[in-house]
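Shown below: final-v7.cif, with mmCIF, C-alpha atoms.
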data_query
loop_
_atom_site.label_atom_id
_atom_site.label_comp_id
_atom_site.auth_asym_id
_atom_site.auth_seq_id
_atom_site.Cartn_x
_atom_site.Cartn_y
_atom_site.Cartn_z
CA MET A 1 -34.06 63.92 244.36
CA VAL A 2 -37.27 65.08 242.72
CA ALA A 3 -35.38 66.81 239.92
CA ALA A 4 -33.32 63.65 239.40
CA VAL A 5 -36.44 61.48 239.01
CA GLN A 6 -38.04 64.01 236.67
CA GLY A 7 -34.84 64.10 234.61
CA PHE A 8 -34.73 60.31 234.54
CA VAL A 9 -38.32 60.08 233.33
CA ALA A 10 -37.81 62.76 230.68
CA ALA A 11 -34.57 61.11 229.52
CA SER A 12 -36.26 57.69 229.40
CA LEU A 13 -39.05 58.99 227.20
CA LEU A 14 -36.55 60.81 224.98
CA ILE A 15 -34.36 57.72 224.56
CA TRP A 16 -37.40 55.56 223.91
CA TRP A 17 -38.60 57.99 221.26
CA ALA A 18 -35.16 58.30 219.65
CA ALA A 19 -34.72 54.51 219.62
CA SER A 20 -38.09 53.86 217.97
CA ASP A 21 -36.50 52.84 214.69
CA PHE A 22 -34.21 50.41 216.46
CA TRP A 23 -37.09 48.78 218.33
CA GLU A 24 -39.15 48.53 215.19
CA GLY A 25 -36.19 47.00 213.36
CA ALA A 26 -35.81 44.48 216.17
CA GLY A 27 -39.36 43.25 215.61
CA GLU A 28 -41.01 45.39 218.28
CA PRO A 29 -40.47 43.37 221.46
CA ASP A 30 -43.22 43.93 224.04
CA VAL A 31 -40.90 45.85 226.35
CA TYR A 32 -40.83 48.59 223.70
CA TYR A 33 -44.49 49.30 224.41
CA VAL A 34 -44.25 49.06 228.17
CA LEU A 35 -41.22 51.32 228.72
CA PRO A 36 -43.05 54.63 228.16
CA LEU A 37 -45.91 53.37 230.34
CA LEU A 38 -43.43 52.67 233.11
CA ALA A 39 -42.02 56.17 232.74
CA VAL A 40 -45.47 57.76 232.97
CA ILE A 41 -46.40 55.68 236.02
CA LEU A 42 -43.14 56.76 237.67
CA LEU A 43 -43.99 60.36 236.93
CA ASP A 44 -47.45 59.86 238.46
CA ALA A 45 -45.88 58.32 241.55
CA LEU A 46 -43.68 61.37 241.85
CA VAL A 47 -46.60 63.80 241.53
CA ILE A 48 -48.67 61.87 244.08
CA LEU A 49 -45.80 61.47 246.57
CA ARG A 50 -45.01 65.17 246.38
CA ALA A 51 -48.64 66.09 246.96
CA MET A 52 -48.88 63.69 249.91
CA THR A 53 -45.68 65.04 251.44
CA ARG A 54 -47.00 68.59 251.18
CA MET A 55 -50.32 67.67 252.71
CA ARG A 56 -48.80 66.02 255.75
CA PRO A 57 -45.38 67.49 256.59
CA ILE A 58 -43.39 64.99 258.65
CA GLY A 59 -42.83 66.04 262.25
CA ARG A 60 -45.48 68.74 262.36
CA GLY A 61 -48.75 68.75 264.16
CA THR A 62 -48.51 65.14 265.18
CA GLY A 63 -47.74 65.66 268.86
CA GLY A 64 -50.38 65.97 271.56
CA MET B 65 -84.49 64.34 237.74
CA ARG B 66 -85.81 62.65 240.86
CA ARG B 67 -83.76 59.78 242.22
CA SER B 68 -86.61 57.28 242.18
CA LEU B 69 -87.23 58.14 238.51
CA VAL B 70 -83.51 57.72 237.69
CA TYR B 71 -83.47 54.26 239.23
CA GLY B 72 -86.84 53.35 237.72
CA VAL B 73 -85.85 54.30 234.16
CA ALA B 74 -82.39 52.72 234.54
CA GLY B 75 -83.92 49.51 235.90
CA ALA B 76 -86.53 49.34 233.12
CA ALA B 77 -83.93 49.96 230.39
CA PHE B 78 -81.55 47.37 231.82
CA GLY B 79 -84.39 44.86 232.32
CA LEU B 80 -85.52 45.26 228.72
CA ALA B 81 -81.93 44.90 227.46
CA LEU B 82 -81.53 41.73 229.53
CA VAL B 83 -84.80 40.23 228.26
CA LEU B 84 -83.83 40.98 224.64
CA THR B 85 -80.43 39.40 225.27
CA LEU B 86 -81.78 36.26 226.92
CA ALA B 87 -84.49 35.88 224.27
CA GLY B 88 -81.87 36.30 221.53
CA VAL B 89 -84.01 38.92 219.73
CA GLY B 90 -82.31 39.90 216.47
CA ASP B 91 -79.22 37.94 217.49
CA ASP B 92 -76.99 37.05 214.55
CA PRO B 93 -74.26 34.51 215.41
CA ASP B 94 -72.14 35.84 212.54
CA ALA B 95 -72.20 39.42 213.88
CA LEU B 96 -71.74 40.99 217.33
CA THR B 97 -73.87 38.93 219.72
CA ASN B 98 -76.47 40.38 222.09
CA PRO B 99 -74.52 39.41 225.26
CA GLN B 100 -71.43 41.17 223.88
CA ALA B 101 -73.56 44.23 223.04
CA LEU B 102 -75.00 44.18 226.58
CA VAL B 103 -71.53 44.21 228.13
CA LEU B 104 -70.28 46.93 225.80
CA GLY B 105 -73.41 49.03 226.42
CA LEU B 106 -72.96 48.83 230.19
CA VAL B 107 -69.27 49.69 229.81
CA GLN B 108 -70.06 52.65 227.55
CA GLY B 109 -72.59 54.21 229.94
CA LEU B 110 -70.31 53.88 232.96
CA THR B 111 -67.07 54.93 231.33
CA GLU B 112 -68.42 57.80 229.21
CA LEU B 113 -69.57 59.60 232.33
CA LEU B 114 -66.95 58.53 234.87
CA PRO B 115 -63.49 60.02 234.19
CA ILE B 116 -61.94 56.76 232.97
CA SER B 117 -62.34 56.83 229.13
CA SER B 118 -65.17 55.17 227.26
CA SER B 119 -63.40 54.96 223.90
CA GLY B 120 -60.45 53.32 225.65
CA HIS B 121 -62.62 50.77 227.46
CA LEU B 122 -64.60 49.96 224.30
CA ILE B 123 -61.27 48.86 222.80
CA LEU B 124 -59.86 47.27 225.96
CA VAL B 125 -62.88 45.05 226.73
CA PRO B 126 -62.87 43.31 223.31
CA TRP B 127 -59.06 43.13 223.56
CA LEU B 128 -59.27 41.38 226.93
CA ALA B 129 -62.15 39.10 225.90
CA ASP B 130 -60.68 38.47 222.44
CA TRP B 131 -63.83 39.69 220.66
CA THR B 132 -62.51 40.46 217.21
CA TYR B 133 -65.77 41.09 215.32
CA LEU B 134 -65.85 44.88 215.79
CA LYS B 135 -62.17 45.22 214.93
CA GLN B 136 -62.64 43.26 211.74
CA ASN B 137 -65.88 45.01 210.75
CA ASP B 138 -65.20 48.71 210.89
CA ARG B 139 -68.53 49.67 209.35
CA PHE B 140 -70.45 47.75 212.03
CA ASN B 141 -68.14 49.21 214.68
CA GLN B 142 -68.82 52.79 213.55
CA THR B 143 -72.59 52.41 213.55
CA PHE B 144 -72.63 50.44 216.82
CA ASP B 145 -70.64 53.31 218.34
CA VAL B 146 -73.45 55.68 217.28
CA ALA B 147 -76.01 53.45 219.03
CA LEU B 148 -73.98 53.31 222.26
CA HIS B 149 -73.50 57.09 222.33
CA LEU B 150 -77.21 57.60 221.70
CA GLY B 151 -77.87 55.77 224.98
CA THR B 152 -75.54 58.00 227.02
CA LEU B 153 -76.80 61.13 225.26
CA VAL B 154 -80.39 60.27 226.24
CA ALA B 155 -79.20 59.56 229.81
CA VAL B 156 -77.51 62.96 230.17
CA GLY B 157 -80.35 64.75 228.35
CA ALA B 158 -82.98 63.21 230.64
CA TYR B 159 -81.01 63.74 233.85
CA PHE B 160 -80.27 67.39 233.12
CA TRP B 161 -83.46 68.21 231.23
CA GLY B 162 -84.38 71.05 233.60
CA ASP B 163 -80.89 72.57 233.31
CA ILE B 164 -80.91 72.19 229.53
CA VAL B 165 -84.22 74.01 229.13
CA ARG B 166 -83.04 76.78 231.47
CA LEU B 167 -79.70 77.19 229.67
CA VAL B 168 -81.19 77.15 226.17
CA SER B 169 -83.76 79.80 227.09
CA ALA B 170 -81.01 81.86 228.77
CA TRP B 171 -78.91 81.57 225.61
CA VAL B 172 -81.81 82.62 223.36
CA GLY B 173 -82.49 85.54 225.70
CA SER B 174 -78.88 86.71 225.54
CA ILE B 175 -78.97 86.64 221.74
CA ARG B 176 -82.17 88.71 221.70
CA ARG B 177 -80.65 91.30 224.05
CA ARG B 178 -77.20 90.99 222.50
CA SER B 179 -75.63 90.92 225.92
CA ILE B 180 -74.64 88.33 228.53
CA ARG B 181 -76.02 89.19 231.97
CA SER B 182 -76.97 86.22 234.12
CA ALA B 183 -74.87 83.25 235.27
CA ASP B 184 -77.03 80.92 233.15
CA GLU B 185 -76.32 82.97 230.03
CA ARG B 186 -72.60 82.78 230.75
CA VAL B 187 -72.76 79.02 231.25
CA ALA B 188 -74.76 78.53 228.03
CA TRP B 189 -72.21 80.49 225.99
CA PHE B 190 -69.39 78.75 227.80
CA VAL B 191 -70.71 75.31 226.79
CA LEU B 192 -71.10 76.44 223.18
CA VAL B 193 -67.61 77.98 222.92
CA ALA B 194 -65.98 74.99 224.65
CA THR B 195 -67.54 72.67 222.08
CA ILE B 196 -65.90 74.32 219.07
CA PRO B 197 -62.26 73.09 219.46
CA ALA B 198 -63.31 69.45 219.90
CA GLY B 199 -65.62 69.76 216.87
CA VAL B 200 -62.89 71.23 214.67
CA VAL B 201 -60.23 68.70 215.76
CA GLY B 202 -62.75 65.87 215.41
CA LEU B 203 -63.73 66.88 211.88
CA LEU B 204 -60.18 67.49 210.67
CA GLY B 205 -58.33 64.76 212.52
CA GLU B 206 -60.81 61.90 212.83
CA ASP B 207 -59.04 59.65 210.32
CA ALA B 208 -55.55 60.43 211.64
CA ILE B 209 -56.68 59.71 215.21
CA ALA B 210 -58.32 56.44 214.17
CA ASP B 211 -55.22 55.39 212.22
CA SER B 212 -52.53 56.20 214.75
CA LEU B 213 -54.16 56.01 218.19
CA GLY B 214 -56.29 53.48 220.03
CA GLU B 215 -53.86 50.60 220.53
CA PRO B 216 -54.02 49.07 224.04
CA TRP B 217 -50.45 50.11 224.91
CA GLN B 218 -51.25 53.72 223.94
CA ILE B 219 -54.49 53.65 225.92
CA ALA B 220 -52.54 52.46 228.98
CA ILE B 221 -50.11 55.39 228.69
CA LEU B 222 -52.95 57.91 228.34
CA LEU B 223 -54.87 56.37 231.26
CA ALA B 224 -51.76 56.73 233.44
CA ALA B 225 -50.98 60.24 232.21
CA GLY B 226 -54.57 61.34 232.85
CA ALA B 227 -54.38 59.87 236.36
CA GLY B 228 -51.45 62.08 237.34
CA LEU B 229 -53.10 65.16 235.83
CA LEU B 230 -56.38 64.50 237.63
CA TRP B 231 -54.58 63.97 240.93
CA PHE B 232 -52.66 67.20 240.52
CA ALA B 233 -55.75 69.18 239.43
CA ASP B 234 -57.91 67.82 242.24
CA ARG B 235 -55.57 69.40 244.81
CA ALA B 236 -56.72 72.86 243.62
CA PRO B 237 -59.01 74.81 245.96
CA GLN B 238 -62.77 74.68 245.30
CA GLU B 239 -63.51 78.36 244.90
CA ARG B 240 -65.67 78.79 241.84
CA ALA B 241 -69.12 77.89 240.55
CA MET B 242 -69.97 77.41 236.87
CA GLY B 243 -71.19 80.97 236.39
CA ASP B 244 -67.87 82.43 237.58
CA LEU B 245 -65.92 81.30 234.54
CA GLY B 246 -65.17 83.46 231.53
CA MET B 247 -64.63 82.93 227.80
CA ARG B 248 -60.88 82.45 228.31
CA HIS B 249 -61.72 79.46 230.47
CA ALA B 250 -64.20 78.22 227.85
CA VAL B 251 -61.52 78.14 225.16
CA ALA B 252 -59.10 76.33 227.50
CA MET B 253 -61.82 73.82 228.40
CA GLY B 254 -62.56 73.32 224.69
CA LEU B 255 -58.90 72.67 223.90
CA ALA B 256 -58.76 70.18 226.77
CA GLN B 257 -61.85 68.46 225.43
CA ALA B 258 -60.23 68.14 222.00
CA LEU B 259 -57.49 65.99 223.59
CA ALA B 260 -60.14 63.47 224.57
CA LEU B 261 -60.51 62.34 220.96
CA ALA B 262 -57.54 60.09 221.73
CA PRO B 263 -58.82 56.85 223.31
CA GLY B 264 -57.61 56.61 226.91
CA VAL B 265 -57.71 60.33 227.70
CA SER B 266 -61.42 60.41 228.68
CA ARG B 267 -63.66 63.29 227.72
CA SER B 268 -65.15 63.59 231.17
CA GLY B 269 -61.72 63.02 232.75
CA ILE B 270 -59.97 65.80 230.91
CA THR B 271 -62.84 68.28 231.27
CA ILE B 272 -63.15 67.54 235.00
CA THR B 273 -59.35 67.97 235.27
CA ALA B 274 -59.53 71.29 233.40
CA GLY B 275 -62.49 72.38 235.55
CA ARG B 276 -60.64 71.60 238.78
CA LEU B 277 -57.53 73.42 237.50
CA MET B 278 -59.85 76.42 237.00
CA ARG B 279 -60.76 75.98 240.68
CA LEU B 280 -64.33 74.83 240.07
CA ASP B 281 -65.72 72.88 242.99
CA ARG B 282 -65.94 69.10 242.42
CA ASP B 283 -69.70 69.03 241.88
CA ALA B 284 -69.56 71.92 239.38
CA ALA B 285 -66.66 70.32 237.50
CA ALA B 286 -68.67 67.10 237.06
CA ARG B 287 -71.87 68.93 236.08
CA PHE B 288 -69.96 71.05 233.58
CA SER B 289 -68.41 67.96 232.09
CA PHE B 290 -71.84 66.35 231.64
CA LEU B 291 -73.30 69.50 230.06
CA LEU B 292 -70.34 69.69 227.67
CA LEU B 293 -71.08 66.14 226.58
CA LEU B 294 -74.44 67.15 225.10
CA PRO B 295 -73.43 69.37 222.14
CA THR B 296 -70.22 67.41 221.49
CA VAL B 297 -71.84 63.98 221.38
CA LEU B 298 -75.00 65.31 219.69
CA GLY B 299 -72.86 66.84 216.91
CA ALA B 300 -70.85 63.64 216.45
CA LEU B 301 -74.05 61.57 216.51
CA LEU B 302 -75.75 63.71 213.90
CA LEU B 303 -72.68 63.60 211.68
CA LYS B 304 -72.11 59.87 212.01
CA GLY B 305 -75.79 59.03 212.26
CA VAL B 306 -76.70 60.77 209.03
CA GLY B 307 -73.65 59.47 207.18
CA ASP B 308 -73.45 55.91 208.46
CA VAL B 309 -76.99 55.06 209.54
CA LEU B 310 -79.44 57.08 207.46
CA LEU B 311 -77.54 57.47 204.17
CA GLY B 312 -75.51 54.28 204.36
CA ASP B 313 -76.76 50.70 204.45
CA LEU B 314 -76.97 49.32 207.95
CA PRO B 315 -74.71 46.29 208.39
CA ASN B 316 -76.21 42.81 208.71
CA GLY B 317 -77.23 41.72 212.18
CA TRP B 318 -77.52 45.25 213.56
CA GLN B 319 -81.00 45.09 215.14
CA GLY B 320 -80.37 43.06 218.28
CA PRO B 321 -76.97 44.46 219.32
CA PHE B 322 -77.95 48.06 218.56
CA LEU B 323 -81.12 47.90 220.65
CA VAL B 324 -79.48 46.02 223.53
CA GLY B 325 -76.38 48.27 223.48
CA THR B 326 -78.40 51.50 223.46
CA LEU B 327 -80.66 50.39 226.34
CA ALA B 328 -77.72 49.12 228.41
CA SER B 329 -75.74 52.32 227.91
CA LEU B 330 -78.82 54.41 228.86
CA ALA B 331 -79.24 52.39 232.07
CA SER B 332 -75.61 52.46 233.19
CA GLY B 333 -75.24 56.10 232.08
CA LEU B 334 -78.10 57.24 234.33
CA LEU B 335 -76.68 55.34 237.29
CA ALA B 336 -73.17 56.67 236.64
CA ILE B 337 -74.34 60.32 236.62
CA ASP B 338 -76.36 59.95 239.78
CA TRP B 339 -73.63 58.06 241.62
CA LEU B 340 -70.81 60.39 240.57
CA LEU B 341 -72.66 63.58 241.54
CA GLY B 342 -73.45 62.09 244.96
CA TYR B 343 -69.92 60.74 245.42
CA VAL B 344 -67.94 63.89 244.61
CA ARG B 345 -69.94 65.97 247.08
CA ARG B 346 -68.17 64.05 249.84
CA HIS B 347 -65.03 62.66 248.23
CA THR B 348 -62.14 63.62 245.99
CA TYR B 349 -61.62 62.16 242.50
CA ASP B 350 -58.81 59.97 243.85
CA VAL B 351 -60.70 56.71 243.33
CA PHE B 352 -60.58 57.35 239.57
CA VAL B 353 -56.87 58.15 239.76
CA TRP B 354 -56.22 54.79 241.41
CA TYR B 355 -58.49 52.98 238.96
CA ARG B 356 -56.70 54.50 235.97
CA LEU B 357 -53.27 53.62 237.37
CA LEU B 358 -54.39 50.09 238.20
CA ALA B 359 -55.88 49.58 234.74
CA ALA B 360 -52.72 50.92 233.08
CA THR B 361 -50.53 48.64 235.22
CA ILE B 362 -52.65 45.57 234.43
CA ILE B 363 -52.51 46.34 230.70
CA GLY B 364 -48.72 46.71 230.95
CA LEU B 365 -48.38 43.39 232.79
CA LEU B 366 -50.65 41.59 230.32
CA ILE B 367 -48.50 42.87 227.46
CA LEU B 368 -45.20 42.08 229.17
CA SER B 369 -46.31 38.58 230.14
CA GLY B 370 -47.44 37.89 226.59
CA VAL B 371 -51.03 37.10 227.62
CA ARG B 372 -52.26 39.81 225.27
CA ALA B 373 -50.53 41.59 222.39
CA ALA B 374 -49.67 45.28 222.70
CA THR B 375 -51.69 46.05 219.59
CA PHE B 376 -55.24 45.06 218.65
#

If you took the structure in this file and wrote it as C-alpha cells, what would it be?
Amino acid sequence: MVAAVQGFVAASLLIWWAASDFWEGAGEPDVYYVLPLLAVILLDALVILRAMTRMRPIGRGTGG
Amino acid sequence: MRRSLVYGVAGAAFGLALVLTLAGVGDDPDALTNPQALVLGLVQGLTELLPISSSGHLILVPWLADWTYLKQNDRFNQTFDVALHLGTLVAVGAYFWGDIVRLVSAWVGSIRRRSIRSADERVAWFVLVATIPAGVVGLLGEDAIADSLGEPWQIAILLAAGAGLLWFADRAPQERAMGDLGMRHAVAMGLAQALALAPGVSRSGITITAGRLMRLDRDAAARFSFLLLLPTVLGALLLKGVGDVLLGDLPNGWQGPFLVGTLASLASGLLAIDWLLGYVRRHTYDVFVWYRLLAATIIGLLILSGVRAATF
C-alpha cells in the first residue's frame, strides 16, 4: 500500500514534469501549478501516517 | 538576555514603529506605505526565526493583499529587504550576545593554539564552516534563484515539502548537544542551509531539520539555527548594504518604511526567539509542520479557485 502511494506520487511528479511543455502550450491552466503541490501533500500525509502508525501500534498496550 | 529585557526592548521597538506609522513619518503615498512596512516587518521577524520561511512570507503577504509596489520596484524591494534583515540580525545578536562573545573568543583562542579543544571552539568552527556553502551558492546563484524561484505556487510546494522533512526529522532521538557535532556535520548543515535560498524552504526550518536529523535535541537545534543566522545574514547584509544602500542611490520614499520595517522586525524577532526556545523545551516542532501544510493548502485552494494567480 505504502509502496503503491509512493509510486503514484513519484509517477505524478514525473508525468507533470514531462508534460510541462503541453501545459505551457495550453496556456498554463491553474491546475498545472497545483498538481505537484497535491503530490507533495500526499507524500507528507504518507510520511506522517507512517510515523503515527509506528508510534502507536494498533492492538498493543491498550488493554488494562 | 533576561526575559524582562527581551519584552521591554521588543515593546519599545514595536511602540516606536507604531507611533511612526500612525504619525505618517516619512510616509510617501507613491512608495511602500508605513502600515505595509509595519506588517512586513512583523512578518519578517516572526518568519525568519520560526521554521516557516521569511522569504516565502514576504512574497505571500503582498500576493494575498495585492500590494504590488515591491514587485514593481525591484530596487526598493532589495534595499527594503536589507532593512528588514537588519532588524532580525540585531534581534539575534542582542539575544545571544553572551554566546557570541564566548564563541568568538573561543574561536580566536583555537586559532592562537592551532588546535580545537573545547566544545565552544568546536561550535565556533562549526558555525563558520556551515556558513560557507550558503555563501557560495548565494553569490553564484543569486540571480538564477531570483529569476526562477519565488512564485507563490513554488513557495507552496516548498512549504509542504519542508513540512514532511521536518516531521520526519523531528522523530529522531534527542541525543546530542551542539558541542558533540563534527566538521562532517558542519558541511552537511551548510549544504542544507544553501537550500534555504529558495523562498519557501526556510533557513531556520531546514537547519533545524538538519540538526534534528543529526540527533541534536530540540533546544540545541533551534539555538544552532539562530547562531547560523548571524554570519549568513551579516554577510548578505554587508554585501547588499554596501552595494545597494551605501554605493547606490536610495530609492525615493525609503525613510519611513525602512525605519518602521526595521523596528517591527526587531520587535517580532526578539519575541519569536524567546517564544520558540521556551516552546521547544516542552513540545515537538509539529505545530510548524501543520502550519506549513495549512499554508500550502490555502495557497493551492486560492490558486485553484482563481482568487489569486499562481504567479506574482

Measure the distance from CA of Leu106 (chain B) to CA of Thr326 (chain B) in Å and round it to one decimal.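 Result for CA of Leu106 (chain B) versus CA of Thr326 (chain B): 9.1 Å, one decimal.
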
Please determine, counting all atoms listed in the file, which residue among A:Leu42, A:Arg50, A:Leu35, A:Asp30 has the shortest atom-to-atom distance to chain B.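 Answer, going by the shortest atom-to-atom distance: A:Asp30.
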
To test your reading of the syntax: which residues would the PyMOL selection byres ((chain A) within 6 of (chain B)) return for the file shown? Reply as a VMD selection string. chain A and resid 30 34 37 44

In Å, how far is it from CA of Ile272 (chain B) to CA of Ile175 (chain B)? 28.1 Å

Show me, as a PyMOL selection string, the residues that have an atom within 7 Å of region 199-212 of chain B when counting all atoms listed in the file, minus same-chain residues fewer than 5 positions from it. chain B and resi 258+261-262+296

Suppose we keep C-alpha atoms; can you now write the selection as a PDB file, in the frame of the given file?
ATOM      1  CA  ALA B 258     -60.230  68.140 222.000  1.00  0.00           C
ATOM      2  CA  LEU B 261     -60.510  62.340 220.960  1.00  0.00           C
ATOM      3  CA  ALA B 262     -57.540  60.090 221.730  1.00  0.00           C
ATOM      4  CA  THR B 296     -70.220  67.410 221.490  1.00  0.00           C
TER       5      THR B 296
END

Output the residue selection produced by the PyMOL selection byres ((chain B and resi 128) around 12) on the file above, formatted as a VMD selection string. chain B and resid 121 to 127 129 to 132 216 359 362 to 363 366 to 367 371 to 376

Between CA of Gly120 (chain B) and CA of Val107 (chain B), measure the distance and give it in Å to one decimal. 10.4 Å

Residue IDs satisfying the PyMOL selection byres ((chain A and resi 51) around 12), as a ChimeraX atom specification: /A:44-50,52-57 /B:228,231-236
